[in-house]
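Okay, query_6.txt is below, compact mmCIF, N, CA and C atoms:
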```
# COMPACT_ATOMS: atom_id res chain seq x y z
N MET A 8 0.83 -1.20 0.00
CA MET A 8 0.00 0.00 0.00
C MET A 8 0.87 1.26 0.00
N LEU A 9 1.85 1.32 0.90
CA LEU A 9 2.75 2.48 0.93
C LEU A 9 3.51 2.64 -0.37
N GLU A 10 3.83 1.53 -0.98
CA GLU A 10 4.57 1.57 -2.25
C GLU A 10 3.71 2.24 -3.33
N ARG A 11 2.42 1.94 -3.33
CA ARG A 11 1.51 2.55 -4.32
C ARG A 11 1.40 4.05 -4.10
N ILE A 12 1.36 4.47 -2.82
CA ILE A 12 1.26 5.90 -2.51
C ILE A 12 2.52 6.62 -2.96
N LYS A 13 3.67 6.00 -2.75
CA LYS A 13 4.94 6.61 -3.15
C LYS A 13 5.06 6.76 -4.66
N ASN A 14 4.38 5.91 -5.40
CA ASN A 14 4.50 5.91 -6.86
C ASN A 14 3.44 6.77 -7.56
N LEU A 15 2.66 7.52 -6.80
CA LEU A 15 1.65 8.38 -7.42
C LEU A 15 2.33 9.50 -8.20
N GLY A 16 1.77 9.80 -9.35
CA GLY A 16 2.33 10.86 -10.18
C GLY A 16 1.73 12.22 -9.82
N LYS A 17 2.18 13.23 -10.54
CA LYS A 17 1.72 14.60 -10.28
C LYS A 17 0.22 14.75 -10.51
N ILE A 18 -0.29 14.10 -11.53
CA ILE A 18 -1.72 14.21 -11.84
C ILE A 18 -2.55 13.59 -10.72
N GLU A 19 -2.13 12.44 -10.22
CA GLU A 19 -2.86 11.80 -9.12
C GLU A 19 -2.85 12.68 -7.87
N TRP A 20 -1.69 13.27 -7.55
CA TRP A 20 -1.60 14.16 -6.38
C TRP A 20 -2.47 15.40 -6.57
N LEU A 21 -2.51 15.90 -7.80
CA LEU A 21 -3.36 17.05 -8.10
C LEU A 21 -4.83 16.69 -7.91
N LEU A 22 -5.23 15.52 -8.37
CA LEU A 22 -6.62 15.07 -8.18
C LEU A 22 -6.96 14.89 -6.71
N ILE A 23 -6.05 14.30 -5.95
CA ILE A 23 -6.28 14.10 -4.51
C ILE A 23 -6.40 15.45 -3.81
N GLY A 24 -5.52 16.39 -4.15
CA GLY A 24 -5.57 17.72 -3.55
C GLY A 24 -6.86 18.45 -3.88
N THR A 25 -7.26 18.39 -5.16
CA THR A 25 -8.49 19.05 -5.59
C THR A 25 -9.70 18.43 -4.89
N ALA A 26 -9.74 17.12 -4.81
CA ALA A 26 -10.86 16.44 -4.14
C ALA A 26 -10.91 16.81 -2.66
N SER A 27 -9.76 16.94 -2.03
CA SER A 27 -9.71 17.33 -0.62
C SER A 27 -10.24 18.74 -0.42
N ILE A 28 -9.85 19.66 -1.30
CA ILE A 28 -10.33 21.04 -1.21
C ILE A 28 -11.84 21.10 -1.41
N VAL A 29 -12.35 20.36 -2.39
CA VAL A 29 -13.80 20.33 -2.64
C VAL A 29 -14.54 19.75 -1.44
N LEU A 30 -13.99 18.72 -0.82
CA LEU A 30 -14.62 18.12 0.36
C LEU A 30 -14.69 19.12 1.51
N VAL A 31 -13.59 19.79 1.81
CA VAL A 31 -13.57 20.76 2.90
C VAL A 31 -14.52 21.92 2.61
N ALA A 32 -14.53 22.41 1.37
CA ALA A 32 -15.43 23.51 1.02
C ALA A 32 -16.89 23.08 1.13
N SER A 33 -17.20 21.86 0.73
CA SER A 33 -18.58 21.36 0.82
C SER A 33 -19.04 21.26 2.27
N ILE A 34 -18.17 20.77 3.13
CA ILE A 34 -18.52 20.67 4.55
C ILE A 34 -18.74 22.05 5.14
N ALA A 35 -17.86 23.00 4.81
CA ALA A 35 -18.00 24.37 5.33
C ALA A 35 -19.29 25.01 4.83
N LEU A 36 -19.60 24.86 3.56
CA LEU A 36 -20.82 25.44 3.00
C LEU A 36 -22.06 24.80 3.61
N HIS A 37 -22.04 23.50 3.78
CA HIS A 37 -23.18 22.80 4.37
C HIS A 37 -23.46 23.29 5.78
N SER A 38 -22.42 23.52 6.56
CA SER A 38 -22.61 23.93 7.96
C SER A 38 -23.05 25.38 8.08
N THR A 39 -22.78 26.22 7.08
CA THR A 39 -23.16 27.63 7.16
C THR A 39 -24.24 28.02 6.16
N TYR A 40 -24.80 27.07 5.43
CA TYR A 40 -25.76 27.36 4.36
C TYR A 40 -26.95 28.17 4.86
N LYS A 41 -27.58 27.71 5.95
CA LYS A 41 -28.75 28.41 6.47
C LYS A 41 -28.40 29.81 6.94
N GLN A 42 -27.25 29.97 7.57
CA GLN A 42 -26.85 31.28 8.06
C GLN A 42 -26.61 32.24 6.89
N LEU A 43 -26.06 31.74 5.79
CA LEU A 43 -25.75 32.60 4.65
C LEU A 43 -26.98 32.96 3.83
N PHE A 44 -27.86 31.99 3.61
CA PHE A 44 -28.95 32.20 2.66
C PHE A 44 -30.34 32.31 3.27
N PHE A 45 -30.51 31.93 4.52
CA PHE A 45 -31.84 31.96 5.12
C PHE A 45 -31.85 32.71 6.43
N SER A 46 -31.12 33.81 6.51
CA SER A 46 -31.15 34.58 7.75
C SER A 46 -32.53 35.20 7.89
N GLU A 47 -33.08 35.11 9.07
CA GLU A 47 -34.43 35.60 9.30
C GLU A 47 -34.38 37.09 9.60
N LYS A 48 -34.46 37.86 8.57
CA LYS A 48 -34.47 39.30 8.72
C LYS A 48 -35.90 39.73 9.01
N VAL A 49 -36.03 40.61 9.99
CA VAL A 49 -37.34 41.12 10.34
C VAL A 49 -37.51 42.48 9.68
N SER A 50 -38.57 42.61 8.94
CA SER A 50 -38.86 43.88 8.28
C SER A 50 -39.13 44.95 9.35
N PRO A 51 -38.60 46.15 9.17
CA PRO A 51 -38.76 47.21 10.19
C PRO A 51 -40.21 47.48 10.58
N GLU A 52 -41.14 47.37 9.63
CA GLU A 52 -42.55 47.64 9.97
C GLU A 52 -43.18 46.52 10.78
N ASP A 53 -42.54 45.34 10.82
CA ASP A 53 -43.06 44.21 11.60
C ASP A 53 -42.51 44.15 13.02
N VAL A 54 -41.49 44.93 13.32
CA VAL A 54 -40.86 44.89 14.65
C VAL A 54 -41.84 45.43 15.68
N ILE A 55 -42.09 44.61 16.73
CA ILE A 55 -42.97 45.07 17.81
C ILE A 55 -42.28 45.07 19.16
N ALA A 56 -41.09 44.43 19.24
CA ALA A 56 -40.40 44.37 20.53
C ALA A 56 -38.93 44.05 20.32
N LYS A 57 -38.18 44.16 21.43
CA LYS A 57 -36.75 43.87 21.42
C LYS A 57 -36.41 43.11 22.70
N VAL A 58 -35.50 42.15 22.59
CA VAL A 58 -35.06 41.38 23.76
C VAL A 58 -34.09 42.23 24.56
N VAL A 59 -34.42 42.47 25.83
CA VAL A 59 -33.54 43.23 26.72
C VAL A 59 -32.52 42.28 27.34
N SER A 60 -33.00 41.14 27.83
CA SER A 60 -32.10 40.15 28.42
C SER A 60 -32.70 38.76 28.25
N SER A 61 -31.82 37.77 28.21
CA SER A 61 -32.27 36.38 28.15
C SER A 61 -31.22 35.52 28.83
N SER A 62 -31.69 34.44 29.44
CA SER A 62 -30.76 33.55 30.13
C SER A 62 -31.04 32.11 29.77
N LYS A 63 -29.98 31.33 29.71
CA LYS A 63 -30.04 29.88 29.47
C LYS A 63 -30.72 29.55 28.15
N ASN A 64 -31.71 28.66 28.17
CA ASN A 64 -32.32 28.12 26.97
C ASN A 64 -33.51 28.97 26.53
N THR A 65 -33.25 29.97 25.70
CA THR A 65 -34.32 30.83 25.18
C THR A 65 -34.26 30.79 23.65
N ARG A 66 -35.45 30.66 23.04
CA ARG A 66 -35.50 30.50 21.59
C ARG A 66 -36.66 31.28 20.99
N ARG A 67 -36.54 31.54 19.68
CA ARG A 67 -37.55 32.28 18.93
C ARG A 67 -37.83 31.53 17.64
N ARG A 68 -39.11 31.57 17.22
CA ARG A 68 -39.49 31.02 15.92
C ARG A 68 -40.40 32.01 15.24
N SER A 69 -40.07 32.36 14.02
CA SER A 69 -40.94 33.26 13.26
C SER A 69 -42.11 32.46 12.70
N PRO A 70 -43.21 33.13 12.35
CA PRO A 70 -44.40 32.43 11.87
C PRO A 70 -44.16 31.64 10.58
N ASP A 71 -43.19 32.06 9.77
CA ASP A 71 -42.95 31.38 8.50
C ASP A 71 -41.79 30.37 8.57
N SER A 72 -41.43 29.95 9.78
CA SER A 72 -40.34 29.00 9.96
C SER A 72 -40.80 27.82 10.81
N PHE A 73 -40.10 26.71 10.71
CA PHE A 73 -40.40 25.55 11.54
C PHE A 73 -39.35 25.36 12.62
N GLU A 74 -38.30 26.17 12.59
CA GLU A 74 -37.15 25.97 13.47
C GLU A 74 -37.07 27.08 14.52
N PHE A 75 -36.89 26.67 15.78
CA PHE A 75 -36.63 27.62 16.85
C PHE A 75 -35.15 27.95 16.84
N LYS A 76 -34.81 29.23 16.88
CA LYS A 76 -33.41 29.66 16.89
C LYS A 76 -33.10 30.36 18.20
N GLU A 77 -31.83 30.33 18.57
CA GLU A 77 -31.39 30.93 19.83
C GLU A 77 -31.78 32.41 19.89
N LEU A 78 -32.21 32.83 21.06
CA LEU A 78 -32.62 34.21 21.29
C LEU A 78 -31.55 34.89 22.12
N LYS A 79 -31.11 36.07 21.68
CA LYS A 79 -30.05 36.80 22.37
C LYS A 79 -30.50 38.22 22.67
N PRO A 80 -29.88 38.87 23.66
CA PRO A 80 -30.18 40.27 23.91
C PRO A 80 -29.98 41.10 22.64
N ASP A 81 -30.82 42.10 22.47
CA ASP A 81 -30.85 43.01 21.32
C ASP A 81 -31.48 42.41 20.07
N ASP A 82 -31.92 41.15 20.11
CA ASP A 82 -32.67 40.60 18.97
C ASP A 82 -34.01 41.31 18.89
N VAL A 83 -34.45 41.58 17.66
CA VAL A 83 -35.77 42.19 17.48
C VAL A 83 -36.80 41.09 17.29
N LEU A 84 -38.01 41.38 17.73
CA LEU A 84 -39.11 40.42 17.65
C LEU A 84 -40.22 41.01 16.79
N ALA A 85 -40.81 40.15 15.97
CA ALA A 85 -41.84 40.61 15.05
C ALA A 85 -43.21 40.10 15.48
N ASN A 86 -44.21 40.70 14.91
CA ASN A 86 -45.58 40.29 15.17
C ASN A 86 -45.75 38.82 14.77
N GLY A 87 -46.26 38.00 15.68
CA GLY A 87 -46.49 36.59 15.41
C GLY A 87 -45.36 35.67 15.81
N ASP A 88 -44.24 36.21 16.30
CA ASP A 88 -43.12 35.37 16.73
C ASP A 88 -43.50 34.51 17.93
N TYR A 89 -42.99 33.29 17.95
CA TYR A 89 -43.14 32.39 19.09
C TYR A 89 -41.88 32.53 19.94
N ILE A 90 -42.06 32.68 21.26
CA ILE A 90 -40.95 32.82 22.19
C ILE A 90 -41.02 31.67 23.17
N PHE A 91 -39.89 30.95 23.32
CA PHE A 91 -39.81 29.80 24.22
C PHE A 91 -38.72 30.05 25.25
N SER A 92 -39.03 29.74 26.51
CA SER A 92 -38.01 29.76 27.56
C SER A 92 -38.01 28.41 28.25
N GLY A 93 -36.84 27.81 28.33
CA GLY A 93 -36.70 26.48 28.93
C GLY A 93 -36.59 26.54 30.44
N GLU A 94 -36.24 25.41 31.02
CA GLU A 94 -36.12 25.30 32.47
C GLU A 94 -35.04 26.25 32.99
N GLY A 95 -35.38 27.03 34.00
CA GLY A 95 -34.45 27.97 34.62
C GLY A 95 -34.15 29.20 33.77
N SER A 96 -34.94 29.44 32.73
CA SER A 96 -34.70 30.56 31.81
C SER A 96 -35.64 31.72 32.08
N GLN A 97 -35.20 32.91 31.70
CA GLN A 97 -36.04 34.10 31.75
C GLN A 97 -35.72 34.98 30.55
N ILE A 98 -36.73 35.69 30.09
CA ILE A 98 -36.55 36.62 28.97
C ILE A 98 -37.24 37.92 29.34
N MET A 99 -36.53 39.03 29.21
CA MET A 99 -37.13 40.36 29.39
C MET A 99 -37.30 40.96 28.00
N VAL A 100 -38.54 41.34 27.68
CA VAL A 100 -38.87 41.89 26.37
C VAL A 100 -39.41 43.30 26.56
N LYS A 101 -38.93 44.24 25.73
CA LYS A 101 -39.44 45.61 25.76
C LYS A 101 -40.14 45.88 24.43
N PHE A 102 -41.41 46.26 24.53
CA PHE A 102 -42.18 46.57 23.34
C PHE A 102 -41.84 47.96 22.84
N VAL A 103 -41.98 48.18 21.53
CA VAL A 103 -41.62 49.47 20.96
C VAL A 103 -42.50 50.60 21.49
N ASN A 104 -43.71 50.29 21.94
CA ASN A 104 -44.59 51.32 22.48
C ASN A 104 -44.41 51.52 23.99
N GLY A 105 -43.38 50.90 24.59
CA GLY A 105 -43.03 51.19 25.97
C GLY A 105 -43.04 50.07 26.99
N PRO A 106 -44.13 49.28 27.11
CA PRO A 106 -44.19 48.29 28.19
C PRO A 106 -43.11 47.20 28.06
N ARG A 107 -42.80 46.61 29.21
CA ARG A 107 -41.87 45.48 29.28
C ARG A 107 -42.59 44.30 29.90
N ILE A 108 -42.19 43.10 29.49
CA ILE A 108 -42.71 41.90 30.15
C ILE A 108 -41.54 40.96 30.45
N MET A 109 -41.70 40.21 31.54
CA MET A 109 -40.73 39.18 31.89
C MET A 109 -41.39 37.84 31.62
N ILE A 110 -40.76 37.03 30.78
CA ILE A 110 -41.28 35.70 30.46
C ILE A 110 -40.50 34.71 31.31
N GLY A 111 -41.22 33.97 32.14
CA GLY A 111 -40.59 33.03 33.07
C GLY A 111 -40.22 31.72 32.40
N GLU A 112 -39.65 30.84 33.23
CA GLU A 112 -39.17 29.55 32.73
C GLU A 112 -40.31 28.67 32.23
N GLN A 113 -39.97 27.78 31.34
CA GLN A 113 -40.87 26.80 30.76
C GLN A 113 -42.15 27.45 30.22
N SER A 114 -41.95 28.45 29.39
CA SER A 114 -43.07 29.17 28.79
C SER A 114 -42.97 29.14 27.27
N LEU A 115 -44.11 29.19 26.63
CA LEU A 115 -44.19 29.35 25.19
C LEU A 115 -45.30 30.36 24.93
N ILE A 116 -44.93 31.48 24.35
CA ILE A 116 -45.92 32.52 24.07
C ILE A 116 -45.82 32.94 22.61
N VAL A 117 -46.87 33.57 22.12
CA VAL A 117 -46.88 34.15 20.78
C VAL A 117 -47.08 35.65 20.95
N LEU A 118 -46.20 36.43 20.34
CA LEU A 118 -46.34 37.89 20.40
C LEU A 118 -47.27 38.33 19.27
N ARG A 119 -48.32 39.02 19.65
CA ARG A 119 -49.26 39.52 18.64
C ARG A 119 -49.60 40.97 18.96
N GLU A 120 -49.53 41.78 17.94
CA GLU A 120 -49.96 43.16 18.07
C GLU A 120 -51.36 43.24 17.48
N ILE A 121 -52.28 43.73 18.28
CA ILE A 121 -53.67 43.81 17.85
C ILE A 121 -54.01 45.26 17.58
N ASP A 122 -54.51 45.54 16.39
CA ASP A 122 -54.90 46.91 16.04
C ASP A 122 -56.23 47.25 16.70
N GLY A 123 -56.30 48.48 17.20
CA GLY A 123 -57.56 48.97 17.75
C GLY A 123 -57.71 48.73 19.14
```
Show how you would write the structure in this file as structure tokens.
Amino acid sequence: MLERIKNLGKIEWLLIGTASIVLVASIALHSTYKQLFFSEKVSPEDVIAKVVSSSKNTRRRSPDSFEFKELKPDDVLANGDYIFSGEGSQIMVKFVNGPRIMIGEQSLIVLREIDG
């Protein structure tokens, strides 16, 4: 086996190198694909609140998504977003019109702005 590796020519080494680069690039693209192409941008007119603080297992899901994503301070929240807080978690949310709410542990709520 080692003898065969030692006898590889330039073309074979070039093919192995190219295949290795393609493999590494594919793995990197696969792991960052959603972040690059499917970032959940919230339209400014849909923003109804902002996360002031969050601890431990806190997540958000937009109405047009099936996946809950990590929630961090300064994240903006849109009308219809689902907010989840796990065991021992808390989330402080400040609405754009002033009020604040504290969401306790093991909660799932939907933020809705009602006209009128």
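The two atoms in question, atom C of Gly93 (chain A) and atom C of Asn64 (chain A), are spaced 5.5 Å apart.
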Problem set entry | DSSP strand (DSSP E or B) residues within chain A, listed as a ChimeraX atom specification | /A:54-61,65-68,76-77,83-85,89-92,98-102,107-110,114-117
Just the selected residues (N, CA and C atoms), exported as a tab-separated table (two decimals), in the frame of the given file, please.
```tsv
chain	number	residue	atom	x	y	z
A	54	VAL	N	-41.49	44.93	13.32
A	54	VAL	CA	-40.86	44.89	14.65
A	54	VAL	C	-41.84	45.43	15.68
A	55	ILE	N	-42.09	44.61	16.73
A	55	ILE	CA	-42.97	45.07	17.81
A	55	ILE	C	-42.28	45.07	19.16
A	56	ALA	N	-41.09	44.43	19.24
A	56	ALA	CA	-40.40	44.37	20.53
A	56	ALA	C	-38.93	44.05	20.32
A	57	LYS	N	-38.18	44.16	21.43
A	57	LYS	CA	-36.75	43.87	21.42
A	57	LYS	C	-36.41	43.11	22.70
A	58	VAL	N	-35.50	42.15	22.59
A	58	VAL	CA	-35.06	41.38	23.76
A	58	VAL	C	-34.09	42.23	24.56
A	59	VAL	N	-34.42	42.47	25.83
A	59	VAL	CA	-33.54	43.23	26.72
A	59	VAL	C	-32.52	42.28	27.34
A	60	SER	N	-33.00	41.14	27.83
A	60	SER	CA	-32.10	40.15	28.42
A	60	SER	C	-32.70	38.76	28.25
A	61	SER	N	-31.82	37.77	28.21
A	61	SER	CA	-32.27	36.38	28.15
A	61	SER	C	-31.22	35.52	28.83
A	65	THR	N	-33.25	29.97	25.70
A	65	THR	CA	-34.32	30.83	25.18
A	65	THR	C	-34.26	30.79	23.65
A	66	ARG	N	-35.45	30.66	23.04
A	66	ARG	CA	-35.50	30.50	21.59
A	66	ARG	C	-36.66	31.28	20.99
A	67	ARG	N	-36.54	31.54	19.68
A	67	ARG	CA	-37.55	32.28	18.93
A	67	ARG	C	-37.83	31.53	17.64
A	68	ARG	N	-39.11	31.57	17.22
A	68	ARG	CA	-39.49	31.02	15.92
A	68	ARG	C	-40.40	32.01	15.24
A	76	LYS	N	-34.81	29.23	16.88
A	76	LYS	CA	-33.41	29.66	16.89
A	76	LYS	C	-33.10	30.36	18.20
A	77	GLU	N	-31.83	30.33	18.57
A	77	GLU	CA	-31.39	30.93	19.83
A	77	GLU	C	-31.78	32.41	19.89
A	83	VAL	N	-34.45	41.58	17.66
A	83	VAL	CA	-35.77	42.19	17.48
A	83	VAL	C	-36.80	41.09	17.29
A	84	LEU	N	-38.01	41.38	17.73
A	84	LEU	CA	-39.11	40.42	17.65
A	84	LEU	C	-40.22	41.01	16.79
A	85	ALA	N	-40.81	40.15	15.97
A	85	ALA	CA	-41.84	40.61	15.05
A	85	ALA	C	-43.21	40.10	15.48
A	89	TYR	N	-42.99	33.29	17.95
A	89	TYR	CA	-43.14	32.39	19.09
A	89	TYR	C	-41.88	32.53	19.94
A	90	ILE	N	-42.06	32.68	21.26
A	90	ILE	CA	-40.95	32.82	22.19
A	90	ILE	C	-41.02	31.67	23.17
A	91	PHE	N	-39.89	30.95	23.32
A	91	PHE	CA	-39.81	29.80	24.22
A	91	PHE	C	-38.72	30.05	25.25
A	92	SER	N	-39.03	29.74	26.51
A	92	SER	CA	-38.01	29.76	27.56
A	92	SER	C	-38.01	28.41	28.25
A	98	ILE	N	-36.73	35.69	30.09
A	98	ILE	CA	-36.55	36.62	28.97
A	98	ILE	C	-37.24	37.92	29.34
A	99	MET	N	-36.53	39.03	29.21
A	99	MET	CA	-37.13	40.36	29.39
A	99	MET	C	-37.30	40.96	28.00
A	100	VAL	N	-38.54	41.34	27.68
A	100	VAL	CA	-38.87	41.89	26.37
A	100	VAL	C	-39.41	43.30	26.56
A	101	LYS	N	-38.93	44.24	25.73
A	101	LYS	CA	-39.44	45.61	25.76
A	101	LYS	C	-40.14	45.88	24.43
A	102	PHE	N	-41.41	46.26	24.53
A	102	PHE	CA	-42.18	46.57	23.34
A	102	PHE	C	-41.84	47.96	22.84
A	107	ARG	N	-42.80	46.61	29.21
A	107	ARG	CA	-41.87	45.48	29.28
A	107	ARG	C	-42.59	44.30	29.90
A	108	ILE	N	-42.19	43.10	29.49
A	108	ILE	CA	-42.71	41.90	30.15
A	108	ILE	C	-41.54	40.96	30.45
A	109	MET	N	-41.70	40.21	31.54
A	109	MET	CA	-40.73	39.18	31.89
A	109	MET	C	-41.39	37.84	31.62
A	110	ILE	N	-40.76	37.03	30.78
A	110	ILE	CA	-41.28	35.70	30.46
A	110	ILE	C	-40.50	34.71	31.31
A	114	SER	N	-41.95	28.45	29.39
A	114	SER	CA	-43.07	29.17	28.79
A	114	SER	C	-42.97	29.14	27.27
A	115	LEU	N	-44.11	29.19	26.63
A	115	LEU	CA	-44.19	29.35	25.19
A	115	LEU	C	-45.30	30.36	24.93
A	116	ILE	N	-44.93	31.48	24.35
A	116	ILE	CA	-45.92	32.52	24.07
A	116	ILE	C	-45.82	32.94	22.61
A	117	VAL	N	-46.87	33.57	22.12
A	117	VAL	CA	-46.88	34.15	20.78
A	117	VAL	C	-47.08	35.65	20.95
```
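Computed from the coordinates, the atom C of Lys63 (chain A) to atom C of Lys76 (chain A) distance equals 10.3 Å.
Each of A:Gln97, A:Tyr89, A:Leu84, A:Arg119 was compared to Ser72 (chain A) using only C-alpha atoms, and A:Tyr89 turns out to be the nearest.
You can rank A:Ala32, A:Leu15, A:Val103, A:Val59 by their closest distance to Asp82 (chain A) using only N, CA and C atoms, and at the top of that list sits A:Val59.
Using only C-alpha atoms, the nearest neighbour of Asn86 (chain A) within the list A:Ile108, A:Ile98, A:Val54, A:Ile116 is A:Val54.
Using only N, CA and C atoms, the contacts of Ala85 (chain A) at a cut-off of 6 Å, with sequence neighbours closer than 3 positions omitted, comprise Asp53, Val54, Ile55, Ala56, Asp88 and Leu118 of chain A.
With only the atoms specified (only N, CA and C atoms) counting, those residues at most 6.5 Å away from (-39.1, 40.4, 26.9) are Lys57, Val58, Val59, Ser60, Ile98, Met99, Val100, Lys101, Arg107, Ile108, Met109 and Ile110 of chain A.
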Please write the residues from the selection above to a file, keeping N, CA and C atoms, as an mmCIF file, keeping the file's coordinate frame.
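And here is the file that came out, result34.cif:
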```
data_model
loop_
_atom_site.group_PDB
_atom_site.id
_atom_site.type_symbol
_atom_site.label_atom_id
_atom_site.label_comp_id
_atom_site.auth_asym_id
_atom_site.auth_seq_id
_atom_site.Cartn_x
_atom_site.Cartn_y
_atom_site.Cartn_z
ATOM 1 N N LYS A 57 -38.180 44.160 21.430
ATOM 2 C CA LYS A 57 -36.750 43.870 21.420
ATOM 3 C C LYS A 57 -36.410 43.110 22.700
ATOM 4 N N VAL A 58 -35.500 42.150 22.590
ATOM 5 C CA VAL A 58 -35.060 41.380 23.760
ATOM 6 C C VAL A 58 -34.090 42.230 24.560
ATOM 7 N N VAL A 59 -34.420 42.470 25.830
ATOM 8 C CA VAL A 59 -33.540 43.230 26.720
ATOM 9 C C VAL A 59 -32.520 42.280 27.340
ATOM 10 N N SER A 60 -33.000 41.140 27.830
ATOM 11 C CA SER A 60 -32.100 40.150 28.420
ATOM 12 C C SER A 60 -32.700 38.760 28.250
ATOM 13 N N ILE A 98 -36.730 35.690 30.090
ATOM 14 C CA ILE A 98 -36.550 36.620 28.970
ATOM 15 C C ILE A 98 -37.240 37.920 29.340
ATOM 16 N N MET A 99 -36.530 39.030 29.210
ATOM 17 C CA MET A 99 -37.130 40.360 29.390
ATOM 18 C C MET A 99 -37.300 40.960 28.000
ATOM 19 N N VAL A 100 -38.540 41.340 27.680
ATOM 20 C CA VAL A 100 -38.870 41.890 26.370
ATOM 21 C C VAL A 100 -39.410 43.300 26.560
ATOM 22 N N LYS A 101 -38.930 44.240 25.730
ATOM 23 C CA LYS A 101 -39.440 45.610 25.760
ATOM 24 C C LYS A 101 -40.140 45.880 24.430
ATOM 25 N N ARG A 107 -42.800 46.610 29.210
ATOM 26 C CA ARG A 107 -41.870 45.480 29.280
ATOM 27 C C ARG A 107 -42.590 44.300 29.900
ATOM 28 N N ILE A 108 -42.190 43.100 29.490
ATOM 29 C CA ILE A 108 -42.710 41.900 30.150
ATOM 30 C C ILE A 108 -41.540 40.960 30.450
ATOM 31 N N MET A 109 -41.700 40.210 31.540
ATOM 32 C CA MET A 109 -40.730 39.180 31.890
ATOM 33 C C MET A 109 -41.390 37.840 31.620
ATOM 34 N N ILE A 110 -40.760 37.030 30.780
ATOM 35 C CA ILE A 110 -41.280 35.700 30.460
ATOM 36 C C ILE A 110 -40.500 34.710 31.310
#
```
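Nearest-residue note for Phe75 (chain A): choosing from A:Ser61, A:Gly16, A:Phe91, A:Val117, the minimum distance belongs to A:Phe91, counting all atoms listed in the file.
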Seminar exercise, completed: What separates CA of Phe73 (chain A) and atom N of Gln113 (chain A) is a distance of 19.9 Å
For this session: Enumerate as JSON, numbers by chain all residues of chain A assigned to helix (DSSP H, G or I) by DSSP on the backbone, naming them with the chain letters and numbers the document uses.
Result: {"A": [9, 10, 11, 12, 13, 17, 18, 19, 20, 21, 22, 23, 24, 25, 26, 27, 28, 29, 30, 31, 32, 33, 34, 35, 36, 37, 38, 39, 40, 41, 42, 43, 44, 51, 52, 53]}
Exercise. Using only N, CA and C atoms, which residue out of A:Leu115, A:Ile90, A:Trp20, A:Pro106 lies closest to Arg67 (chain A)?
Worked result: A:Ile90
Listed atoms of region 54-64 of chain A boxed along x, y and z, 4 Å each side, centre and edge lengths in Å, one decimal, as AutoDock Vina command-line options:
```
--center_x -36.5 --center_y 36.8 --center_z 21.7 --size_x 21.0 --size_y 25.3 --size_z 24.8
```
